[in-house]
Amino acid sequence: MSRHVADDLTYRRPMSVWWWTRRRSYFLFVMRELSSIFIAWFVLYLLLFVRAVGRGEAAYEDFLDAAASPWLVAINVVAFVFVLLHTATWFLLTPQAMVVAVRGHRVPAAAIIGAQYLGLAVVSAFVYWLVTR
Amino acid sequence: MPRPRPPLTTKRRIEPLVWLAFSGGGVTAAMFMPILAFLFALAFPLGWIDPPEHDHLAAVVGHPVTFLVLFGMFVLMLVHAAHRFRYTLYDGLQVKHTGLVAVLCYGGAAAGAFAAFHLLGGAT
Amino acid sequence: MDENIRLQVTRYRPDKDTVPGWQEYDVPLRKEWTVLDGLNHVKNEVDTTLAFRWSCRMGICGSCGMNVNGEPRLTCATFLSDYAPGPVTVEPLGNFPIVRDLVVDIGDFMAKLPRVKPWIIRDEEKSVDDGEYLQTPEELDAYKQFSMCINCMLCYAACPVYGLDPDFVGPAAIALAERYDLDSRDQGARERLDVLIEHEGVWGCTFVGECTRVCPKHVDPAGAIQRYKLKAAQESVKMFLLPRAFR
């Protein structure tokens, strides 16, 4: 496809809709961005979970049974993998996106990434304690 | 008294604030979603871990602090997802109706926030 | 060593062709030869009609950028032996209009560069008699990484956002804006943010990160853009919260 104009003989290369399949890093980028769908899915899922809890013990048990159905498990496994991809890529890119300085010295990227995983561990332990104690 | 440093810009734009919400939602999702999704979507329904008693969960969910925290987190994560998905449609699929895409994505997030308010409020 | 390696080179002659095509050349595969050496061999010995840009051959002028096997590279710093046994495809730098063969139209980048005001801006210029603007080594380090940019435009070729939306200011220009913002002698951060806070400024960037990966000078434009977003967000919050008198 050429877009010739009388006085412009330059050739502009069209960009394929499939540009992101041509390179591994582009593909990973699009997968990372698609994690957004699964974040939204889990927000919806957790909202329905909360609603079931609010409706009483029977509704709660029913919801747990429904959530164990093969289709829902399959969706949730895929969604969980994308959530992990989101967490890993988000932590990895944070040191590039923000400069953290302590007493005038820039904190190394590895320290920022490590601190985030520490935060993840603390948050996870707290949530686990809160819901199962 | 030293005056606060004036802002570096003279322009009021909505993009920076949306981006701030996107980032906040991204951090929230990265920190909280793995454990929440693991427990409530996999471990409890599949019996890997014994599901908590209903009374205990109802007490946790019914607490006003839980309502505030969950509502704030869910809204941020919905904005995060809407913002990111919007640009995925622009870049990944080259959807040209940019205005329509933006309305649908952020509209979806707003509808989700409305639903979150009612569903969470109904459980407390 | 008389081994050869095949180059598959984009040809586009605007007076004859409506779409670019390929032409193949076999060039000697020598250990110390770069892709640019191969192209110069073609130009000198095989086909004088092949058009491409180059100048310094030492990775500092930034004019010999091309897509080598689909990846934006400085051809003077890309060795043929790394692609043996070949073939190696050599295309014009991605995302830019092709003028002829391997030469692209860089007018868009040249127009964007001055929009971010990549020079030192002072509220009041010191006179020459007042002496130079002094800077400590720490103050130099603050912006040094971003000052390494050689305007080779590999980052624009790697950026899908620029390919899809040519209005996007783009990686190198924003990295250069950051370079001057971080310079202790500069007072122009406000003027630059007013440009970059606009829709076609930093907001199109989705942090693909390829600009940083392909940069031959390790400038990290992707990092600069995200930091600009954070800066714009902080300043916008201030703008909305602070009473008018403080602005």
# chains A, B, ... in the order shown; residues from 1 in each chain; ligands from 1
>>> interface_residues(of="chain B", to="chain A", cutoff="8 Å", atoms="only C-alpha atoms", output="ChimeraX atom specification")
/B:26-27,29-42,44-46,51-52,54-58,60-62,74,77-78,80-82,84-85,88,92-94,112,116,119-120,122-124
>>> closest_atom_pairs(of="chain C", to="chain A", cutoff="7 Å", atoms="only C-alpha atoms", output="CSV")
residue,atom,partner,partner_atom,distance
C:Pro14,CA,A:Leu9,CA,5.6
C:Thr18,CA,A:Ser2,CA,6.5
C:Val19,CA,A:Ser2,CA,6.3
C:Phe96,CA,A:Arg12,CA,7.0
C:Pro97,CA,A:Arg12,CA,4.5
C:Ile98,CA,A:Tyr11,CA,4.9
C:Val99,CA,A:Thr10,CA,4.7
C:Val208,CA,A:Phe29,CA,6.0
C:Gly223,CA,A:Gln96,CA,4.8
C:Gln226,CA,A:Ala97,CA,4.8
C:Arg227,CA,A:Ala97,CA,5.4
>>> write_last_selection(atoms="C-alpha atoms", output="PDB file, in the first residue's frame")
ATOM      1  CA  PRO C  14      10.907   7.025  -5.813  1.00  0.00           C
ATOM      2  CA  THR C  18       5.631   2.487  -6.046  1.00  0.00           C
ATOM      3  CA  VAL C  19       6.626   0.077  -3.265  1.00  0.00           C
ATOM      4  CA  PHE C  96      10.030   6.889   9.214  1.00  0.00           C
ATOM      5  CA  PRO C  97       9.013   7.556   5.592  1.00  0.00           C
ATOM      6  CA  ILE C  98      11.505   6.156   3.058  1.00  0.00           C
ATOM      7  CA  VAL C  99      13.110   8.742   0.793  1.00  0.00           C
ATOM      8  CA  VAL C 208       6.764  -0.695  25.979  1.00  0.00           C
ATOM      9  CA  GLY C 223      12.537   5.831  32.250  1.00  0.00           C
ATOM     10  CA  GLN C 226       7.651   7.673  33.108  1.00  0.00           C
ATOM     11  CA  ARG C 227       9.428  10.140  35.402  1.00  0.00           C
TER      12      ARG C 227
END
>>> closest_atom_pairs(of="chain B", to="chain C", cutoff="6 Å", atoms="only C-alpha atoms", output="JSON lines")
{"residue": "B:Pro6", "atom": "CA", "partner": "C:Arg247", "partner_atom": "CA", "distance": 4.6}
{"residue": "B:Pro7", "atom": "CA", "partner": "C:Glu235", "partner_atom": "CA", "distance": 5.1}
{"residue": "B:Leu8", "atom": "CA", "partner": "C:Arg190", "partner_atom": "CA", "distance": 4.6}
{"residue": "B:Thr9", "atom": "CA", "partner": "C:Arg190", "partner_atom": "CA", "distance": 5.5}
{"residue": "B:Pro16", "atom": "CA", "partner": "C:Ala233", "partner_atom": "CA", "distance": 4.5}
{"residue": "B:Leu17", "atom": "CA", "partner": "C:Ala233", "partner_atom": "CA", "distance": 6.0}
>>> select_by_dssp(residues="segment 31-142 of chain C", states="strand (DSSP E or B)", output="list of chain:residue names")
C:Thr34, C:Gly65, C:Met66, C:Asn67, C:Val68, C:Glu71, C:Pro72, C:Arg73, C:Leu74, C:Phe79, C:Val88, C:Thr89, C:Val90, C:Glu91, C:Pro92, C:Ile98, C:Val99, C:Arg100, C:Val103, C:Val104
>>> residues_around(residues="Ile5 of chain C", least_positions_apart="3", cutoff="6 Å", atoms="only C-alpha atoms", output="PyMOL selection string")
chain C and resi 26-27+29+86
>>> write_last_selection(atoms="N, CA and C atoms", output="mmCIF file, in the first residue's frame")
data_model
loop_
_atom_site.group_PDB
_atom_site.id
_atom_site.type_symbol
_atom_site.label_atom_id
_atom_site.label_comp_id
_atom_site.auth_asym_id
_atom_site.auth_seq_id
_atom_site.Cartn_x
_atom_site.Cartn_y
_atom_site.Cartn_z
ATOM 1 N N ASP C 26 26.206 -10.118 -2.145
ATOM 2 C CA ASP C 26 27.128 -10.920 -1.354
ATOM 3 C C ASP C 26 28.357 -10.075 -1.050
ATOM 4 N N VAL C 27 28.687 -9.989 0.218
ATOM 5 C CA VAL C 27 29.858 -9.187 0.608
ATOM 6 C C VAL C 27 30.794 -10.080 1.416
ATOM 7 N N LEU C 29 32.759 -11.708 4.272
ATOM 8 C CA LEU C 29 32.507 -11.815 5.709
ATOM 9 C C LEU C 29 33.845 -11.728 6.423
ATOM 10 N N GLY C 86 24.292 -15.807 7.853
ATOM 11 C CA GLY C 86 23.413 -14.922 7.099
ATOM 12 C C GLY C 86 22.208 -15.667 6.568
#
>>> closest_atom_pairs(of="segment 12-68 of chain C", to="segment 76-85 of chain C", cutoff="9 Å", atoms="only C-alpha atoms", output="CSV")
residue,atom,partner,partner_atom,distance
C:Leu29,CA,C:Leu80,CA,6.7
C:Arg30,CA,C:Ser81,CA,7.1
C:Lys31,CA,C:Ser81,CA,5.9
C:Glu32,CA,C:Phe79,CA,7.2
C:Trp33,CA,C:Phe79,CA,5.9
C:Thr34,CA,C:Phe79,CA,4.1
C:Val35,CA,C:Leu80,CA,5.5
C:Leu36,CA,C:Cys76,CA,5.1
C:Asp37,CA,C:Cys76,CA,7.4
C:Gly38,CA,C:Leu80,CA,7.9
C:Trp54,CA,C:Cys76,CA,8.3
C:Cys56,CA,C:Cys76,CA,8.5
C:Arg57,CA,C:Cys76,CA,5.2
C:Met58,CA,C:Cys76,CA,6.5
C:Gly59,CA,C:Ala77,CA,6.4
C:Cys64,CA,C:Cys76,CA,6.8
C:Gly65,CA,C:Cys76,CA,8.3
C:Val68,CA,C:Thr78,CA,8.5
>>> atom_distance(atom1="atom CA of Tyr180 of chain C", atom2="atom CA of Pro118 of chain C")
6.3 Å
>>> decode(residues="segment 92-111 of chain A", atoms="N, CA and C atoms", output="PDB file, in the first residue's frame")
ATOM      1  N   LEU A  92       9.132  -4.938  38.349  1.00  0.00           N
ATOM      2  CA  LEU A  92      10.360  -4.841  37.558  1.00  0.00           C
ATOM      3  C   LEU A  92      10.532  -3.442  36.964  1.00  0.00           C
ATOM      4  N   LEU A  93       9.421  -2.802  36.579  1.00  0.00           N
ATOM      5  CA  LEU A  93       9.519  -1.520  35.883  1.00  0.00           C
ATOM      6  C   LEU A  93       9.543  -0.325  36.835  1.00  0.00           C
ATOM      7  N   THR A  94       9.156  -0.554  38.102  1.00  0.00           N
ATOM      8  CA  THR A  94       9.073   0.580  39.035  1.00  0.00           C
ATOM      9  C   THR A  94      10.385   1.360  39.164  1.00  0.00           C
ATOM     10  N   PRO A  95      11.544   0.692  39.343  1.00  0.00           N
ATOM     11  CA  PRO A  95      12.772   1.481  39.507  1.00  0.00           C
ATOM     12  C   PRO A  95      13.099   2.349  38.297  1.00  0.00           C
ATOM     13  N   GLN A  96      12.609   1.933  37.116  1.00  0.00           N
ATOM     14  CA  GLN A  96      12.851   2.743  35.922  1.00  0.00           C
ATOM     15  C   GLN A  96      11.945   3.970  35.920  1.00  0.00           C
ATOM     16  N   ALA A  97      10.745   3.805  36.476  1.00  0.00           N
ATOM     17  CA  ALA A  97       9.757   4.872  36.408  1.00  0.00           C
ATOM     18  C   ALA A  97       9.931   5.915  37.502  1.00  0.00           C
ATOM     19  N   MET A  98      10.551   5.520  38.621  1.00  0.00           N
ATOM     20  CA  MET A  98      10.739   6.523  39.662  1.00  0.00           C
ATOM     21  C   MET A  98      12.111   6.406  40.312  1.00  0.00           C
ATOM     22  N   VAL A  99      12.667   7.576  40.592  1.00  0.00           N
ATOM     23  CA  VAL A  99      13.974   7.626  41.218  1.00  0.00           C
ATOM     24  C   VAL A  99      13.767   7.769  42.718  1.00  0.00           C
ATOM     25  N   VAL A 100      14.306   6.827  43.484  1.00  0.00           N
ATOM     26  CA  VAL A 100      14.222   6.929  44.929  1.00  0.00           C
ATOM     27  C   VAL A 100      15.618   7.261  45.438  1.00  0.00           C
ATOM     28  N   ALA A 101      15.694   8.345  46.202  1.00  0.00           N
ATOM     29  CA  ALA A 101      16.992   8.744  46.732  1.00  0.00           C
ATOM     30  C   ALA A 101      16.941   8.761  48.254  1.00  0.00           C
ATOM     31  N   VAL A 102      17.959   8.195  48.878  1.00  0.00           N
ATOM     32  CA  VAL A 102      18.088   8.251  50.329  1.00  0.00           C
ATOM     33  C   VAL A 102      19.380   8.982  50.651  1.00  0.00           C
ATOM     34  N   ARG A 103      19.255  10.065  51.382  1.00  0.00           N
ATOM     35  CA  ARG A 103      20.385  10.916  51.722  1.00  0.00           C
ATOM     36  C   ARG A 103      21.249  11.246  50.486  1.00  0.00           C
ATOM     37  N   GLY A 104      20.571  11.659  49.425  1.00  0.00           N
ATOM     38  CA  GLY A 104      21.292  12.112  48.245  1.00  0.00           C
ATOM     39  C   GLY A 104      21.832  11.015  47.353  1.00  0.00           C
ATOM     40  N   HIS A 105      21.681   9.754  47.781  1.00  0.00           N
ATOM     41  CA  HIS A 105      22.177   8.670  46.939  1.00  0.00           C
ATOM     42  C   HIS A 105      21.020   7.905  46.347  1.00  0.00           C
ATOM     43  N   ARG A 106      21.122   7.621  45.061  1.00  0.00           N
ATOM     44  CA  ARG A 106      20.058   6.902  44.378  1.00  0.00           C
ATOM     45  C   ARG A 106      20.036   5.448  44.835  1.00  0.00           C
ATOM     46  N   VAL A 107      18.847   4.997  45.239  1.00  0.00           N
ATOM     47  CA  VAL A 107      18.697   3.612  45.689  1.00  0.00           C
ATOM     48  C   VAL A 107      18.788   2.693  44.471  1.00  0.00           C
ATOM     49  N   PRO A 108      19.632   1.639  44.523  1.00  0.00           N
ATOM     50  CA  PRO A 108      19.768   0.759  43.355  1.00  0.00           C
ATOM     51  C   PRO A 108      18.465   0.029  43.025  1.00  0.00           C
ATOM     52  N   ALA A 109      18.312  -0.274  41.742  1.00  0.00           N
ATOM     53  CA  ALA A 109      17.073  -0.889  41.263  1.00  0.00           C
ATOM     54  C   ALA A 109      16.761  -2.176  42.013  1.00  0.00           C
ATOM     55  N   ALA A 110      17.778  -2.981  42.261  1.00  0.00           N
ATOM     56  CA  ALA A 110      17.543  -4.273  42.919  1.00  0.00           C
ATOM     57  C   ALA A 110      16.923  -4.073  44.299  1.00  0.00           C
ATOM     58  N   ALA A 111      17.332  -3.008  44.992  1.00  0.00           N
ATOM     59  CA  ALA A 111      16.791  -2.748  46.327  1.00  0.00           C
ATOM     60  C   ALA A 111      15.314  -2.367  46.245  1.00  0.00           C
TER      61      ALA A 111
END
